[in-house]
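start-v8.cif (mmCIF, C-alpha atoms and all ligand atoms) appears below.
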data_data
#
loop_
_atom_site.label_atom_id
_atom_site.label_comp_id
_atom_site.auth_asym_id
_atom_site.auth_seq_id
_atom_site.Cartn_x
_atom_site.Cartn_y
_atom_site.Cartn_z
CA MET A 1 124.69 167.32 109.08
CA THR A 2 124.57 164.22 111.23
CA SER A 3 126.87 161.74 109.52
CA PHE A 4 128.98 159.54 111.78
CA ARG A 5 130.80 156.21 111.84
CA PHE A 6 131.17 153.41 114.34
CA ILE A 7 132.62 149.93 114.66
CA HIS A 8 130.32 147.00 115.36
CA THR A 9 132.01 143.99 116.90
CA ALA A 10 131.01 141.05 119.09
CA ASP A 11 132.23 137.75 120.50
CA LEU A 12 135.83 138.73 121.16
CA HIS A 13 136.21 135.65 123.39
CA LEU A 14 139.44 137.05 124.80
CA ASP A 15 141.86 134.44 126.09
CA THR A 16 140.30 131.49 124.34
CA PRO A 17 142.54 128.61 125.49
CA PHE A 18 142.60 126.65 122.20
CA ALA A 19 142.72 123.41 124.10
CA GLY A 20 142.57 120.14 122.24
CA MET A 21 145.03 120.96 119.45
CA SER A 22 147.31 117.95 119.47
CA GLY A 23 150.77 117.64 117.97
CA ILE A 24 151.10 121.38 117.73
CA ASN A 25 154.42 123.21 117.99
CA ASP A 26 154.92 125.38 121.10
CA ARG A 27 155.53 128.60 119.23
CA LEU A 28 152.44 128.04 117.16
CA ARG A 29 150.45 127.28 120.31
CA ARG A 30 151.57 130.57 121.87
CA HIS A 31 150.67 132.38 118.65
CA LEU A 32 147.21 130.81 118.80
CA GLN A 33 146.72 131.67 122.46
CA GLU A 34 147.72 135.25 121.68
CA SER A 35 145.46 135.49 118.62
CA THR A 36 142.26 136.73 120.32
CA PHE A 37 144.25 139.54 121.95
CA ALA A 38 146.09 140.35 118.73
CA ALA A 39 142.84 140.59 116.76
CA PHE A 40 141.37 142.86 119.41
CA GLY A 41 144.53 144.99 119.36
CA ASP A 42 144.05 145.45 115.61
CA LEU A 43 140.44 146.45 116.21
CA VAL A 44 141.56 149.19 118.59
CA ASP A 45 144.13 150.40 116.04
CA LEU A 46 141.47 150.40 113.33
CA ALA A 47 139.15 152.50 115.50
CA VAL A 48 141.96 155.01 116.01
CA SER A 49 143.14 155.17 112.40
CA GLU A 50 139.62 155.32 110.95
CA GLU A 51 138.65 157.95 113.51
CA VAL A 52 135.37 156.29 114.43
CA ASP A 53 132.99 158.12 116.72
CA PHE A 54 132.40 155.10 118.94
CA ILE A 55 132.55 151.29 119.17
CA VAL A 56 129.73 148.89 120.08
CA ILE A 57 130.53 145.43 121.45
CA SER A 58 127.60 143.01 121.46
CA GLY A 59 128.61 140.55 124.16
CA ASP A 60 131.08 137.75 124.92
CA ILE A 61 134.11 139.94 125.46
CA TYR A 62 135.61 137.19 127.57
CA ASP A 63 135.67 133.54 126.66
CA ALA A 64 134.93 132.38 130.19
CA SER A 65 132.79 133.95 132.88
CA GLU A 66 135.69 133.30 135.26
CA SER A 67 137.79 135.46 132.99
CA SER A 68 141.53 135.33 133.47
CA LEU A 69 143.41 138.19 135.06
CA ARG A 70 145.41 138.35 131.85
CA ALA A 71 142.25 138.92 129.80
CA GLN A 72 141.14 141.68 132.15
CA LEU A 73 144.52 143.40 132.10
CA ARG A 74 144.64 143.29 128.32
CA LEU A 75 141.11 144.63 128.09
CA LYS A 76 141.97 147.48 130.44
CA GLU A 77 144.95 148.33 128.24
CA ALA A 78 142.63 148.51 125.23
CA TRP A 79 140.10 150.69 127.07
CA ASP A 80 142.92 153.02 128.11
CA LYS A 81 144.20 153.38 124.56
CA LEU A 82 140.71 154.12 123.27
CA GLY A 83 140.20 156.57 126.13
CA LEU A 84 143.41 158.34 125.22
CA HIS A 85 142.04 158.86 121.71
CA GLY A 86 138.63 159.90 123.02
CA ILE A 87 136.74 156.95 121.57
CA PRO A 88 133.72 155.83 123.65
CA VAL A 89 132.66 152.19 123.83
CA TYR A 90 129.20 150.72 124.40
CA VAL A 91 129.16 147.20 125.79
CA ILE A 92 126.71 144.45 126.66
CA HIS A 93 127.53 141.17 128.33
CA GLY A 94 126.59 137.83 126.80
CA ASN A 95 126.30 134.21 127.85
CA HIS A 96 130.06 133.78 128.15
CA ASP A 97 130.61 136.85 130.33
CA PRO A 98 127.33 137.56 132.14
CA LEU A 99 126.98 140.32 134.72
CA SER A 100 126.91 137.68 137.46
CA SER A 101 130.50 136.61 136.80
CA SER A 102 132.33 137.15 140.02
CA ARG A 103 135.86 137.92 139.05
CA GLN A 104 135.56 141.35 137.49
CA ARG A 105 138.51 143.13 139.07
CA PHE A 106 138.30 146.49 137.37
CA VAL A 107 135.69 149.18 137.28
CA TYR A 108 135.11 150.20 133.69
CA PRO A 109 136.36 153.70 132.90
CA ASP A 110 133.93 156.53 132.14
CA HIS A 111 134.20 156.29 128.37
CA VAL A 112 133.00 152.66 128.49
CA THR A 113 129.24 152.33 128.96
CA VAL A 114 127.98 148.94 130.10
CA PHE A 115 124.27 148.31 129.76
CA GLY A 116 122.48 146.46 132.56
CA SER A 117 120.05 143.57 132.62
CA ARG A 118 117.11 145.73 131.48
CA VAL A 119 117.25 147.75 128.27
CA GLU A 120 119.05 151.03 128.83
CA SER A 121 119.89 153.81 126.40
CA ALA A 122 122.60 156.41 125.96
CA THR A 123 123.10 159.21 123.48
CA ALA A 124 126.22 158.95 121.33
CA VAL A 125 127.81 162.08 119.96
CA ARG A 126 130.03 162.84 117.02
CA ARG A 127 133.54 163.31 118.30
CA LYS A 128 134.61 166.27 116.19
CA ASP A 129 131.78 168.59 117.28
CA GLY A 130 129.94 166.86 120.12
CA LEU A 131 126.70 166.79 118.14
CA PRO A 132 124.28 164.04 119.30
CA VAL A 133 123.99 161.53 116.44
CA ALA A 134 122.62 158.26 117.78
CA VAL A 135 120.64 156.59 120.52
CA VAL A 136 122.48 153.44 121.57
CA SER A 137 120.47 150.90 123.58
CA GLY A 138 121.47 147.56 125.00
CA ILE A 139 120.75 144.78 127.44
CA SER A 140 123.20 142.45 129.19
CA TYR A 141 122.82 138.86 130.30
CA PRO A 142 122.40 138.80 134.10
CA THR A 143 123.35 135.10 134.10
CA SER A 144 124.78 132.76 131.49
CA SER A 145 121.41 131.52 130.32
CA VAL A 146 118.71 133.90 129.11
CA THR A 147 115.68 132.19 127.66
CA GLU A 148 113.35 135.19 127.53
CA ASN A 149 112.80 137.12 124.29
CA THR A 150 114.57 140.28 125.45
CA SER A 151 114.30 141.93 122.03
CA LEU A 152 110.72 142.85 122.92
CA GLN A 153 112.03 145.33 125.49
CA PHE A 154 113.46 147.59 122.77
CA HIS A 155 111.17 150.44 121.72
CA ARG A 156 112.28 153.36 119.64
CA ASP A 157 111.89 156.72 121.35
CA PRO A 158 109.16 158.23 119.12
CA SER A 159 110.19 161.77 119.99
CA SER A 160 113.76 161.28 118.78
CA SER A 161 114.84 161.61 115.18
CA LEU A 162 118.31 160.27 115.94
CA TYR A 163 119.65 157.04 114.44
CA HIS A 164 118.76 154.15 116.78
CA ILE A 165 121.20 151.31 117.46
CA ALA A 166 120.25 148.23 119.51
CA LEU A 167 122.86 145.95 121.10
CA LEU A 168 121.59 142.44 121.62
CA HIS A 169 123.26 139.08 122.25
CA ALA A 170 120.74 136.69 120.81
CA ASN A 171 119.92 133.80 118.57
CA VAL A 172 117.65 135.22 115.86
CA ASP A 173 115.32 132.65 114.31
CA GLY A 174 116.93 129.71 116.12
CA GLN A 175 120.17 129.40 114.18
CA GLU A 176 121.94 126.08 114.43
CA GLY A 177 125.16 125.51 116.33
CA HIS A 178 124.57 128.08 119.06
CA ASP A 179 122.45 127.96 122.19
CA VAL A 180 118.98 129.37 121.75
CA TYR A 181 119.54 132.25 124.16
CA SER A 182 117.41 135.35 124.08
CA PRO A 183 115.38 133.75 121.29
CA CYS A 184 113.69 136.19 118.94
CA SER A 185 112.61 136.48 115.34
CA LEU A 186 113.64 138.84 112.60
CA SER A 187 110.12 140.23 112.56
CA ASP A 188 110.38 141.07 116.30
CA LEU A 189 113.46 143.15 115.48
CA LYS A 190 111.86 144.82 112.48
CA LYS A 191 108.88 145.95 114.56
CA SER A 192 111.02 147.79 117.11
CA GLY A 193 111.68 150.87 114.98
CA TYR A 194 115.45 150.67 115.46
CA ASP A 195 117.71 151.49 112.51
CA TYR A 196 120.55 149.08 113.26
CA TRP A 197 120.50 145.87 115.27
CA ALA A 198 124.05 145.25 116.43
CA LEU A 199 123.88 141.56 117.23
CA GLY A 200 126.26 139.13 118.86
CA HIS A 201 126.24 135.42 119.80
CA ILE A 202 126.28 133.72 116.39
CA HIS A 203 129.90 133.55 115.31
CA LYS A 204 129.18 133.42 111.60
CA ARG A 205 129.17 136.83 109.97
CA GLN A 206 125.84 137.61 108.34
CA ILE A 207 123.56 140.47 107.42
CA LEU A 208 120.04 139.25 108.07
CA CYS A 209 118.29 142.38 106.83
CA GLU A 210 119.12 145.81 105.39
CA ALA A 211 115.95 147.70 106.32
CA PRO A 212 116.49 147.92 109.21
CA TRP A 213 120.04 146.65 109.38
CA VAL A 214 120.21 143.41 111.33
CA VAL A 215 123.83 142.34 111.54
CA TYR A 216 126.00 139.64 113.07
CA PRO A 217 129.64 140.72 112.59
CA GLY A 218 130.81 137.24 113.67
CA ASN A 219 133.72 136.79 116.02
CA ILE A 220 137.03 138.57 115.42
CA GLN A 221 139.17 135.44 115.61
CA GLY A 222 138.17 131.93 114.55
CA ARG A 223 138.44 129.44 117.41
CA SER A 224 138.14 126.04 115.77
CA MET A 225 137.52 124.28 112.49
CA LYS A 226 133.86 125.14 112.98
CA GLU A 227 134.78 128.81 112.45
CA THR A 228 136.47 128.94 109.06
CA GLY A 229 137.22 131.89 106.81
CA PRO A 230 137.98 135.56 107.43
CA LYS A 231 136.96 137.00 110.80
CA GLY A 232 136.74 140.63 111.80
CA CYS A 233 134.41 143.56 112.40
CA TYR A 234 132.17 145.99 110.54
CA LEU A 235 132.94 149.64 110.12
CA VAL A 236 129.56 151.32 109.73
CA ASP A 237 129.13 154.68 108.03
CA VAL A 238 125.87 156.56 108.44
CA ASN A 239 125.41 159.60 106.21
CA ASP A 240 123.28 162.71 106.69
CA ASN A 241 120.22 160.88 105.33
CA LYS A 242 120.83 157.93 107.65
CA GLU A 243 121.88 155.83 104.68
CA THR A 244 124.12 153.15 106.09
CA THR A 245 127.16 151.50 104.50
CA LEU A 246 129.02 148.54 105.97
CA HIS A 247 132.63 147.69 105.34
CA PHE A 248 134.12 144.45 106.66
CA TYR A 249 137.67 144.51 108.06
CA GLU A 250 139.63 141.30 108.61
CA LEU A 251 141.24 141.14 112.04
CA ASP A 252 142.08 137.47 112.58
CA HIS A 253 145.69 136.50 113.17
CA VAL A 254 145.10 132.80 112.70
CA ARG A 255 142.71 131.61 110.01
CA TRP A 256 140.93 128.26 109.97
CA THR A 257 140.24 126.81 106.58
CA GLU A 258 139.36 123.66 104.70
CA THR A 259 140.74 122.59 101.37
CA GLU A 260 139.52 119.81 99.12
CA LEU A 261 141.74 117.33 97.32
CA SER A 262 140.56 114.64 94.95
CA ILE A 263 142.42 111.34 95.06
CA GLU A 264 141.23 110.48 91.57
CA HIS A 265 144.64 110.65 89.91
CA MET A 266 146.79 109.75 92.89
CA THR A 267 148.54 106.53 92.17
CA SER A 268 150.84 106.19 95.15
CA GLU A 269 151.39 107.35 98.71
CA ASN A 270 154.31 109.39 97.53
CA LYS A 271 152.21 111.11 94.88
CA CYS A 272 149.65 111.84 97.57
CA LYS A 273 152.24 113.41 99.84
CA GLU A 274 153.57 115.53 96.97
CA MET A 275 150.11 116.78 96.17
CA LEU A 276 149.54 117.63 99.81
CA GLU A 277 152.81 119.54 99.95
CA ASP A 278 151.93 121.43 96.77
CA ARG A 279 148.57 122.34 98.21
CA LEU A 280 150.07 123.55 101.47
CA GLU A 281 152.53 125.70 99.48
CA SER A 282 149.81 127.28 97.39
CA LEU A 283 147.84 128.01 100.57
CA ARG A 284 151.00 129.59 101.94
CA SER A 285 151.36 131.90 98.96
CA GLU A 286 147.69 132.89 99.19
CA SER A 287 147.76 133.42 102.95
CA GLY A 288 149.26 136.89 102.84
CA GLY A 289 151.50 135.80 105.69
CA ARG A 290 148.62 134.96 107.99
CA THR A 291 148.98 131.78 110.04
CA THR A 292 146.52 129.25 108.67
CA ILE A 293 145.21 126.05 110.19
CA VAL A 294 143.93 123.76 107.53
CA ARG A 295 141.83 120.65 107.34
CA LEU A 296 142.53 118.56 104.26
CA ASN A 297 139.36 117.14 102.88
CA PHE A 298 139.92 114.14 100.61
CA THR A 299 137.27 113.33 98.03
CA GLY A 300 136.92 111.23 94.88
CA ARG A 301 137.61 107.59 94.10
CA GLY A 302 140.97 105.96 93.67
CA PRO A 303 143.45 103.38 94.85
CA LEU A 304 144.54 105.48 97.82
CA HIS A 305 141.15 105.18 99.43
CA SER A 306 142.14 102.19 101.55
CA MET A 307 145.32 103.86 102.79
CA LEU A 308 143.43 107.01 103.80
CA GLN A 309 140.70 105.07 105.45
CA SER A 310 143.11 103.04 107.53
CA GLY A 311 143.50 105.24 110.58
CA ARG A 312 147.10 104.27 111.08
CA ASP A 313 148.57 105.13 107.68
CA SER A 314 146.69 108.37 107.30
CA ASN A 315 147.75 109.41 110.80
CA GLU A 316 151.36 108.77 109.94
CA LEU A 317 151.03 110.79 106.77
CA LEU A 318 149.50 113.69 108.69
CA GLN A 319 152.16 113.53 111.37
CA GLU A 320 154.84 113.61 108.69
CA LEU A 321 153.38 116.80 107.21
CA GLN A 322 153.17 118.30 110.70
CA ARG A 323 156.79 117.38 111.38
CA GLN A 324 157.90 119.19 108.22
CA GLU A 325 155.94 122.28 109.18
CA THR A 326 157.29 122.16 112.72
CA GLU A 327 160.80 122.16 111.28
CA ARG A 328 160.03 125.31 109.34
CA ILE A 329 159.05 127.09 112.55
CA SER A 330 161.51 125.57 114.98
CA PRO A 331 163.57 128.17 116.87
CA GLY A 332 166.69 127.51 114.83
CA SER A 333 165.03 128.07 111.50
CA ALA A 334 165.08 131.43 109.82
CA SER A 335 161.45 131.36 108.73
CA ILE A 336 158.97 133.60 110.43
CA LEU A 337 156.01 132.28 112.32
CA ASP A 338 153.70 134.41 110.25
CA SER A 339 153.45 132.17 107.24
CA VAL A 340 152.69 128.90 108.97
CA ILE A 341 150.25 126.61 107.20
CA TRP A 342 149.45 123.99 109.81
CA PRO A 343 147.86 120.74 108.56
CA ALA A 344 145.60 120.02 111.51
CA SER A 345 143.56 117.06 110.33
CA PHE A 346 142.27 114.96 107.47
CA LYS A 347 138.67 114.46 106.57
CA VAL A 348 138.26 111.40 104.40
CA ASN A 349 135.28 111.30 102.07
CA THR A 350 136.76 109.04 99.44
CA GLY A 351 135.65 105.80 97.86
CA LEU A 352 137.20 102.76 96.27
CA ASP A 353 137.61 102.90 92.53
CA TYR A 354 135.10 100.27 91.51
CA ASP A 355 132.22 99.85 89.14
CA ARG A 356 129.39 100.66 91.45
CA SER A 357 126.63 99.79 89.03
CA LEU A 358 127.97 96.27 88.56
CA LEU A 359 128.28 95.76 92.30
CA GLN A 360 124.82 97.12 92.79
CA GLU A 361 123.32 94.50 90.55
CA GLU A 362 124.99 91.63 92.36
CA ASN A 363 122.81 89.16 94.10
CA SER A 364 124.86 89.39 97.27
CA PHE A 365 124.90 91.03 100.66
CA LEU A 366 127.02 93.86 99.24
CA GLY A 367 124.63 94.33 96.34
CA GLU A 368 121.71 94.55 98.71
CA LEU A 369 123.59 97.00 100.95
CA LEU A 370 124.39 99.29 98.02
CA ARG A 371 120.82 99.26 96.79
CA LEU A 372 119.59 100.19 100.24
CA SER A 373 122.12 103.00 100.61
CA GLU A 374 121.25 104.32 97.15
CA ARG A 375 117.56 104.34 97.98
CA TYR A 376 118.15 106.29 101.16
CA GLN A 377 120.43 108.83 99.46
CA ASN A 378 118.06 109.39 96.57
CA ARG A 379 114.79 109.23 98.40
CA SER A 380 112.46 112.05 97.58
CA ASP A 381 110.90 114.37 100.08
CA ASP A 382 107.85 112.14 100.02
CA LEU A 383 109.07 109.87 102.79
CA ASN A 384 106.24 107.44 102.17
CA LEU A 385 107.96 106.35 98.99
CA ASP A 386 110.65 104.63 100.94
CA LEU A 387 109.35 103.66 104.29
CA ASP A 388 111.30 100.45 104.57
CA ALA A 389 114.65 102.09 103.77
CA ASN A 390 113.91 104.51 106.59
CA ALA A 391 112.82 101.73 108.88
CA ILE A 392 116.04 99.82 108.29
CA ILE A 393 118.16 102.90 108.95
CA ASN A 394 116.26 103.64 112.13
CA ASP A 395 116.60 100.02 113.15
CA ALA A 396 120.33 100.26 112.65
CA LEU A 397 120.51 103.40 114.76
CA ALA A 398 118.34 101.97 117.53
CA SER A 399 121.23 100.66 119.59
CA LEU A 400 122.90 104.07 119.44
CA MET A 401 119.68 105.68 120.61
CA ASP A 402 119.85 103.56 123.76
CA HIS A 403 123.24 105.00 124.61
CA ARG A 404 123.15 108.13 126.75
CA VAL A 405 126.03 109.97 125.07
CA LEU A 406 125.68 108.71 121.51
CA ARG A 407 121.97 109.45 121.48
CA GLY A 408 122.66 113.19 121.71
CA TYR A 409 125.10 112.96 118.85
CA VAL A 410 122.73 111.09 116.57
CA GLN A 411 119.76 113.30 117.39
CA ASP A 412 121.72 116.46 116.63
CA LEU A 413 122.60 115.30 113.12
CA GLY A 414 120.97 117.27 110.36
CA GLU A 415 119.68 115.59 107.23
CA LYS A 416 122.82 116.53 105.28
CA GLU A 417 125.13 115.15 107.97
CA ARG A 418 123.09 111.95 108.14
CA ARG A 419 123.50 111.46 104.42
CA GLU A 420 127.23 112.16 104.62
CA LEU A 421 127.60 109.67 107.43
CA LEU A 422 125.67 107.05 105.50
CA GLN A 423 127.85 107.71 102.46
CA GLN A 424 130.99 107.17 104.53
CA ALA A 425 129.56 104.03 106.10
CA THR A 426 128.68 102.68 102.68
CA GLU A 427 132.18 103.33 101.34
CA MET A 428 133.68 101.73 104.42
CA ALA A 429 131.47 98.66 104.07
CA ILE A 430 132.31 98.39 100.39
CA SER A 431 136.04 98.51 100.94
CA LEU A 432 135.81 95.97 103.75
CA LEU A 433 133.60 93.60 101.77
CA VAL A 434 135.43 94.03 98.48
CA ASP A 435 138.82 93.48 100.13
CA GLU A 436 137.38 90.36 101.71
CA GLU A 437 136.41 88.81 98.41
CA PRO A 438 138.30 90.33 95.50
CA ARG A 439 136.12 90.58 92.42
CA GLY A 440 138.08 89.91 89.31
CA GLY A 441 138.32 92.92 87.04
CA GLU A 442 135.76 95.00 88.82
CA VAL A 443 138.06 96.59 91.34
CA SER A 444 141.19 98.25 90.19
MN MN A 501 130.07 133.99 121.59
#

Rewrite the structure of this file - the entire thing - as structure tokens.
Ligand SMILES: [Mn+2]
Amino acid sequence: MTSFRFIHTADLHLDTPFAGMSGINDRLRRHLQESTFAAFGDLVDLAVSEEVDFIVISGDIYDASESSLRAQLRLKEAWDKLGLHGIPVYVIHGNHDPLSSSRQRFVYPDHVTVFGSRVESATAVRRKDGLPVAVVSGISYPTSSVTENTSLQFHRDPSSSLYHIALLHANVDGQEGHDVYSPCSLSDLKKSGYDYWALGHIHKRQILCEAPWVVYPGNIQGRSMKETGPKGCYLVDVNDNKETTLHFYELDHVRWTETELSIEHMTSENKCKEMLEDRLESLRSESGGRTTIVRLNFTGRGPLHSMLQSGRDSNELLQELQRQETERISPGSASILDSVIWPASFKVNTGLDYDRSLLQEENSFLGELLRLSERYQNRSDDLNLDLDANAIINDALASLMDHRVLRGYVQDLGEKERRELLQQATEMAISLLVDEEPRGGEVS
């Protein structure tokens, strides 16, 4: 009878500053700055109410290696509460909070086990009867940058029949958007003989494998528009036969999300604003009271394209929506902060409403431009088919490649982003060129 349950979490990033949010109301800013702590507080409550046997935290507890005193005090409070309920915690440090960070003011209490810079193991017991149920192993980052494949240091103890859990802060199979620290492959992890790889580092929740379990729980609180959707932790149940079941619990207090709006049937600025307001209200009713930060993604073709593309008008429209939301949450208003839907930004992927095929056939600069763009967008994987389209694109990018900062940006673009960028550039060129020389009847 060796069933047990634990919480797997990672990337708490306590005290994330949420810098760079402009135009934001003070109360909302405080709510944001509190959100990493609030999510962690809910995690502690979940551990208590679900009576887990232990918690594993796979790195990046703090957002900054020079962690704030506030973050450390709040963490200590959480440890104390867990200690009071007899819940042990197993911790590794990641690239954001390596062992080398100098400002650790508190010694961790006895019920919190921190693994060092070589793989170490501990035996976890079931709380109700003290029966050993799992071997928990982990390795911390000594410094903020670990480029060695540390997963190779994990070897199952062949003499033990206990469930084996490995804590590792790593980028498995070189996932995009995160530094390639502690690089390793899924097959490295599979070979180790461990039953459950409790990963951290990649903030997107994902189960890479079920035999063995290889799991990124994601972070517990989204930190920017790059981290959309529900965020939380996994509650893991292991039964007597070591069969493992995962249940995801949402913990985030502020959710980042994107919503798409087509401008196809929008005939005026006022209509556009009404549709935006309607959308924000429906997001509010779906939010379950959770503060939501939303990016409004405009698509489709229509007369409002030019307005949205002009930075000035679209900025004013956004600011107007923000002003209305700020009024809802201003100190004098009765509404509660909990149901804020904050319109943070616009993403404009719209086009002019024109007959593209007619324009494309024109014997003009614009016609030529459209044909080129079309060829690049539709080119097949056989790049040889369209060498000159590629050459022209690369030519156009050459001056960016000479620029120290822009070069990095261009080189990091994936194929999909390149195509999106080209699509936007094409639409921008079309609206500029069409506005320049109105074509009778072709442009509405
Ligand atoms: Mn992280």

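Here the question is which of A:Lys128, A:Arg70, A:Lys204, A:His265 gets nearest to ligand MN 501 (chain A) using all atoms listed in the file, and that residue is A:Lys204.
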
Q) Nearest to His31 of chain A: which of A:Thr143, A:Asn241, A:Ser137, A:Ser339 is it, counting only C-alpha atoms? A) A:Ser339

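Comparing A:Arg27, A:Arg127, A:Arg323, A:His93 by their smallest distance to ligand MN 501 (chain A), the closest is A:His93 (using all atoms listed in the file).
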
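Distances to ligand MN 501 (chain A) were evaluated for A:Arg279, A:Lys76, A:His201, A:His253 using only C-alpha atoms and all ligand atoms, and the minimum falls at A:His201.
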
Chain A residues near ligand MN 501 (chain A) within 9 Å, closest pair each, using all atoms listed in the file, as CSV:
residue,atom,partner,partner_atom,distance
A:Ala10,CA,A:MN501,MN,7.5
A:Asp11,CA,A:MN501,MN,4.5
A:Leu12,CA,A:MN501,MN,7.5
A:His13,CA,A:MN501,MN,6.6
A:Gly59,CA,A:MN501,MN,7.2
A:Asp60,CA,A:MN501,MN,5.1
A:Ile61,CA,A:MN501,MN,8.2
A:Tyr62,CA,A:MN501,MN,8.8
A:Asp63,CA,A:MN501,MN,7.6
A:Gly94,CA,A:MN501,MN,7.3
A:Asn95,CA,A:MN501,MN,7.3
A:His96,CA,A:MN501,MN,6.6
A:His169,CA,A:MN501,MN,8.5
A:His178,CA,A:MN501,MN,8.5
A:Gly200,CA,A:MN501,MN,7.0
A:His201,CA,A:MN501,MN,4.5
A:Ile202,CA,A:MN501,MN,6.4
A:His203,CA,A:MN501,MN,6.3
A:Gly218,CA,A:MN501,MN,8.6
A:Asn219,CA,A:MN501,MN,7.2

With segment 229-239 of chain A as the partner and 12 Å as the cut-off, tabulate the residues of segment 167-218 of chain A that qualify, each row holding the nearest pair of atoms and their distance in Å to one decimal, using all atoms listed in the file, sorted by chain and rising number, as a Markdown table.
| residue | atom | partner | partner_atom | distance |
| --- | --- | --- | --- | --- |
| A:Asp195 | CA | A:Val238 | CA | 10.4 |
| A:Tyr196 | CA | A:Val236 | CA | 9.9 |
| A:Trp197 | CA | A:Val236 | CA | 11.9 |
| A:Ala198 | CA | A:Tyr234 | CA | 10.1 |
| A:Leu199 | CA | A:Tyr234 | CA | 11.5 |
| A:Gly200 | CA | A:Cys233 | CA | 11.3 |
| A:His203 | CA | A:Lys231 | CA | 9.1 |
| A:Lys204 | CA | A:Lys231 | CA | 8.6 |
| A:Arg205 | CA | A:Lys231 | CA | 7.8 |
| A:Gln206 | CA | A:Tyr234 | CA | 10.7 |
| A:Ile207 | CA | A:Tyr234 | CA | 10.7 |
| A:Trp213 | CA | A:Val236 | CA | 10.6 |
| A:Val215 | CA | A:Tyr234 | CA | 9.2 |
| A:Tyr216 | CA | A:Tyr234 | CA | 9.2 |
| A:Pro217 | CA | A:Cys233 | CA | 5.6 |
| A:Gly218 | CA | A:Lys231 | CA | 6.8 |

(Q) Report as JSON, numbers by chain all protein, DNA and RNA residues lying within 8 Å of Val44 of chain A, evaluated on all atoms listed in the file, omitting residues in the same chain fewer than 5 positions from it. (A) {"A": [78, 81, 82]}

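Between His164 of chain A and the residues A:Ser314, A:Ser121, A:Gln423, A:Ser49, the shortest atom-to-atom distance, using all atoms listed in the file, involves A:Ser121.
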
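For the choices A:Ser431, A:Thr259, A:Ser399, A:Thr150, the atom-to-atom distance to Ser310 of chain A is smallest for A:Ser431 when using all atoms listed in the file.
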
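Here atom CA of Ser185 of chain A and atom CA of Ser65 of chain A stand 26.9 Å from one another.
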
Q: Could you jot down the atom CA of Gly300 of chain A to atom CA of Met266 of chain A separation for me, Å, one decimal place?
A: 10.2 Å

Q) To one decimal place, how far is atom CA of Ile7 of chain A from atom CA of Ile55 of chain A in Å? A) 4.7 Å

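For segment 407-415 of chain A, the residues within 10 Å (counting all atoms listed in the file, excluding itself and residues fewer than 6 positions away along the chain) are Glu176, Gly177, Leu397, Ala398, Ser399, Leu400, Met401 and Leu421 of chain A.
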
Write a file of the just-selected residues containing C-alpha atoms, as a short mmCIF file (atom, residue, chain, number, x, y, z; two decimals), in the frame of the given file.
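Output file result05.cif is given in full below:
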data_model
loop_
_atom_site.label_atom_id
_atom_site.label_comp_id
_atom_site.auth_asym_id
_atom_site.auth_seq_id
_atom_site.Cartn_x
_atom_site.Cartn_y
_atom_site.Cartn_z
CA GLU A 176 121.94 126.08 114.43
CA GLY A 177 125.16 125.51 116.33
CA LEU A 397 120.51 103.40 114.76
CA ALA A 398 118.34 101.97 117.53
CA SER A 399 121.23 100.66 119.59
CA LEU A 400 122.90 104.07 119.44
CA MET A 401 119.68 105.68 120.61
CA LEU A 421 127.60 109.67 107.43
#

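Every protein or nucleic acid residue with an atom no more than 8 Å from segment 301-304 of chain A, counting all atoms listed in the file and leaving out same-chain residues fewer than 5 positions away, appears here: A:Ser262, A:Ile263, A:Glu264, A:His265, A:Met266, A:Thr267, A:Ser268, A:Glu269, A:Thr350, A:Gly351, A:Leu352, A:Asp353, A:Ser444.
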
Using 3 Å of padding on each side, determine the axis-aligned box around all atoms of segment 155-159 of chain A present in the file and give its centre and edge lengths in Å to one decimal, as JSON.
{"center_x": 110.7, "center_y": 156.1, "center_z": 120.4, "size_x": 9.1, "size_y": 17.3, "size_z": 8.6}

Q. Got a sec: who's within 8 Å of Leu189 of chain A, counting all atoms listed in the file, leaving out chain neighbours fewer than 4 positions off, as a list in words?
A. Ser151, Leu152, Cys184, Ser185, Gly193, Tyr194, Trp197 and Val214 of chain A

Q: List the neighbours of Leu131 of chain A out to 12 Å using all atoms listed in the file; skip same-chain residues closer than 4 positions along the sequence, and give me the result as number ranges by chain.
A: A: 1-4, 53, 123-127, 162

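With distances taken from (137.0, 136.2, 132.1) and restricted to all atoms listed in the file, the residues inside 8 Å are Leu14, Asp15, Tyr62, Asp63, Ala64, Ser65, Glu66, Ser67, Ser68, Leu69, Ala71, Gln72, Asp97, Arg103 and Gln104 of chain A.
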